[in-house]
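A short write-up of the structure that comes next.
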Amino acid sequence: MSKVLGVDIGGSSVKAGLVDVSAAALVGELIAGPTPHPATPQAVMGVIQSLAGQLPCTGRVGVAVPSVVKRGIIRSAANIDQAWIGSDGAALIERTLGRPAEVLNDADAAGIAEMRWGAGRGVTGPVIMLTFGTGIGTALFIEGRLFPNSELGHMELNGVEAEKWASAHVKTALQLDWPAWLARVNDYLARMQALFWPDLFILGGAVSEHFADFAPLLRCEAEIRPAQFAGQAGVIGAALAAAEADGLPTAPAS
């Protein structure tokens with residue numbers, strides 16, 4: 001068993017888990033702590049240190065962040081404190097845990113998990129992973145290869161950022177029922193379809209666990225599948241990225 005620690009920093013919680021990358025499976029359950037407010041780097045590091053202490057393992061840590069990440073440097077901050085911008089995310093983790101880290105965009109991490117081991121496995125055409133949570137994360141793939149840091153949850157839709165129109169947080173905040181929220185999601189899907197013409201959308205985030213309830217309300221020319229790993233995808237993808245950076249053997253895609 002090759003156990004790798006994956007961490008997913010979200011706007012409402014920080015999740016962590018051990019992933020057996022040789023078997024494409026979580027080891028036990030995810031654990032989580034509330035995202036601090038303000039979610040400064042130092043405050044979030046405290047949460048990560050506490051979670052990591054409950055999940056003992058060695059080797060590189062994978063960390064998914066709601067940010068553009070360029071060569072380990074945090075270049076944006078969505079639903080976390082602006083103090084993250086310009087920081088060296090990998091160095092922060094290494095100083096906190098005493099171990100090297102692989103840091104990547106959270107939607108990219110979720111997409112990697114789904115394309116390698118989940119709902120997108122074996123799909124070679126254009127695929128867009130969408131994660132609905134505090135915001136909307138996006139990850140674009142062609143022939144299984146990632147175009148990183150797409151950040152299309154921030155594009156304009158109906159006069160506001162798309163994630164302020166159709167995220168899962170908006171559904172909760174406005175107390176929208178499924179039909180009202182899915183009408184907004186369909187607006188977003190239509191815009192994405194018009195711009196990118198994917199073969200497949202993968203809908204992720206915890207809301208995807210209810211896919212069977214709302215799937216009949218979705219309207220899109222492309223195929224739509226629920227994320228196989230739902231709210232676990234960011235943790236799994238982060239661990240997979242860390243494993244590959246360390247050269248560990250991982251489960252095959254098929």
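Just so we're on the same page: first chain in the structure tokens is A, next is B, and so on; residues restart at 1 for each chain, and ligands are numbered from 1 in the order they show up.
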For this session: Fewer than 3 positions away in the same chain doesn't count, so skip those; otherwise give me all residues within 12 Å of segment 205-214 of chain A, counting only C-alpha atoms, as number ranges by chain.
Result: A: 8, 10, 106-107, 110-111, 114, 119, 129-138, 167-169, 171-172, 177-183, 185-186, 202, 217-219, 224-235
For this session: Run DSSP on the backbone of this structure and report the residues of segment 2-250 of chain A it assigns to helix (DSSP H, G or I), as a ChimeraX atom specification.
Result: /A:41-53,82-84,89-97,106-117,152-154,163-166,168-173,178-196,206-217,230-245
For this session: Could you find all residues in segment 96-137 of chain A that DSSP calls strand (DSSP E or B) from the backbone, and write them as a PyMOL selection string?
Result: chain A and resi 101-105+127-132+136-137
Residues of segment 41-136 of chain A that have any atom at most 12 Å from an atom of segment 140-159 of chain A: could you tabulate them with the shortest-distance atom pair and the distance in Å to one decimal, using only C-alpha atoms, ordered by chain and increasing number, as CSV?
residue,atom,partner,partner_atom,distance
A:Ala64,CA,A:Asn149,CA,11.8
A:Val65,CA,A:Asn149,CA,10.9
A:Pro66,CA,A:Glu151,CA,9.4
A:Ser67,CA,A:Asn149,CA,7.9
A:Val68,CA,A:Asn149,CA,5.3
A:Val69,CA,A:Asn149,CA,7.0
A:Lys70,CA,A:Asn149,CA,8.6
A:Arg71,CA,A:Pro148,CA,11.4
A:Ile74,CA,A:Asn149,CA,11.0
A:Arg75,CA,A:Asn149,CA,10.0
A:Ser76,CA,A:Glu151,CA,9.9
A:Ala77,CA,A:Glu151,CA,11.0
A:Ala78,CA,A:His154,CA,9.4
A:Asn79,CA,A:His154,CA,11.9
A:Leu104,CA,A:Asn149,CA,8.7
A:Asn105,CA,A:Asn149,CA,6.4
A:Asp106,CA,A:Asn149,CA,9.1
A:Ala107,CA,A:Asn149,CA,8.3
A:Asp108,CA,A:Pro148,CA,6.4
A:Ala109,CA,A:Pro148,CA,9.7
A:Ala110,CA,A:Leu140,CA,11.1
A:Gly111,CA,A:Leu140,CA,8.0
A:Ile112,CA,A:Leu146,CA,7.7
A:Ala113,CA,A:Gly144,CA,11.2
A:Glu114,CA,A:Gly144,CA,10.3
A:Met115,CA,A:Gly144,CA,6.6
A:Arg116,CA,A:Gly144,CA,8.0
A:Trp117,CA,A:Gly144,CA,11.4
A:Gly120,CA,A:Gly144,CA,8.5
A:Arg121,CA,A:Gly144,CA,8.4
A:Gly122,CA,A:Gly144,CA,7.9
A:Val123,CA,A:Gly144,CA,7.0
A:Thr124,CA,A:Glu143,CA,4.0
A:Gly125,CA,A:Ile142,CA,5.6
A:Pro126,CA,A:Ile142,CA,4.5
A:Val127,CA,A:Phe141,CA,5.1
A:Ile128,CA,A:Leu140,CA,4.7
A:Met129,CA,A:Leu140,CA,6.5
A:Leu130,CA,A:Gly153,CA,8.7
A:Thr131,CA,A:Gly153,CA,9.2
A:Phe132,CA,A:Gly153,CA,9.4
A:Gly133,CA,A:Gly153,CA,10.8
A:Thr134,CA,A:Gly153,CA,10.8
A:Gly135,CA,A:Gly153,CA,7.0
A:Ile136,CA,A:Gly153,CA,4.7
Could you give me, as CSV, a per-residue list for segment 164-249 of chain A showing, wherever an atom lies at most 8 Å from an atom of segment 12-26 of chain A, the closest pair of atoms and their distance in Å to one decimal, using only C-alpha atoms and sorting by chain then residue number from low to high?
residue,atom,partner,partner_atom,distance
A:Val235,CA,A:Ala16,CA,6.2
A:Ile236,CA,A:Val19,CA,6.3
A:Ala239,CA,A:Val19,CA,6.4
A:Leu240,CA,A:Val21,CA,6.4
A:Ala243,CA,A:Val21,CA,7.2
A:Pro249,CA,A:Ser22,CA,6.2
Exercise. Of the candidates A:Gly72, A:Ile80, A:Gly86, A:Gly98, which shows the shortest atom-to-atom distance to Gly53 of chain A, using only C-alpha atoms?
Worked result: A:Gly98
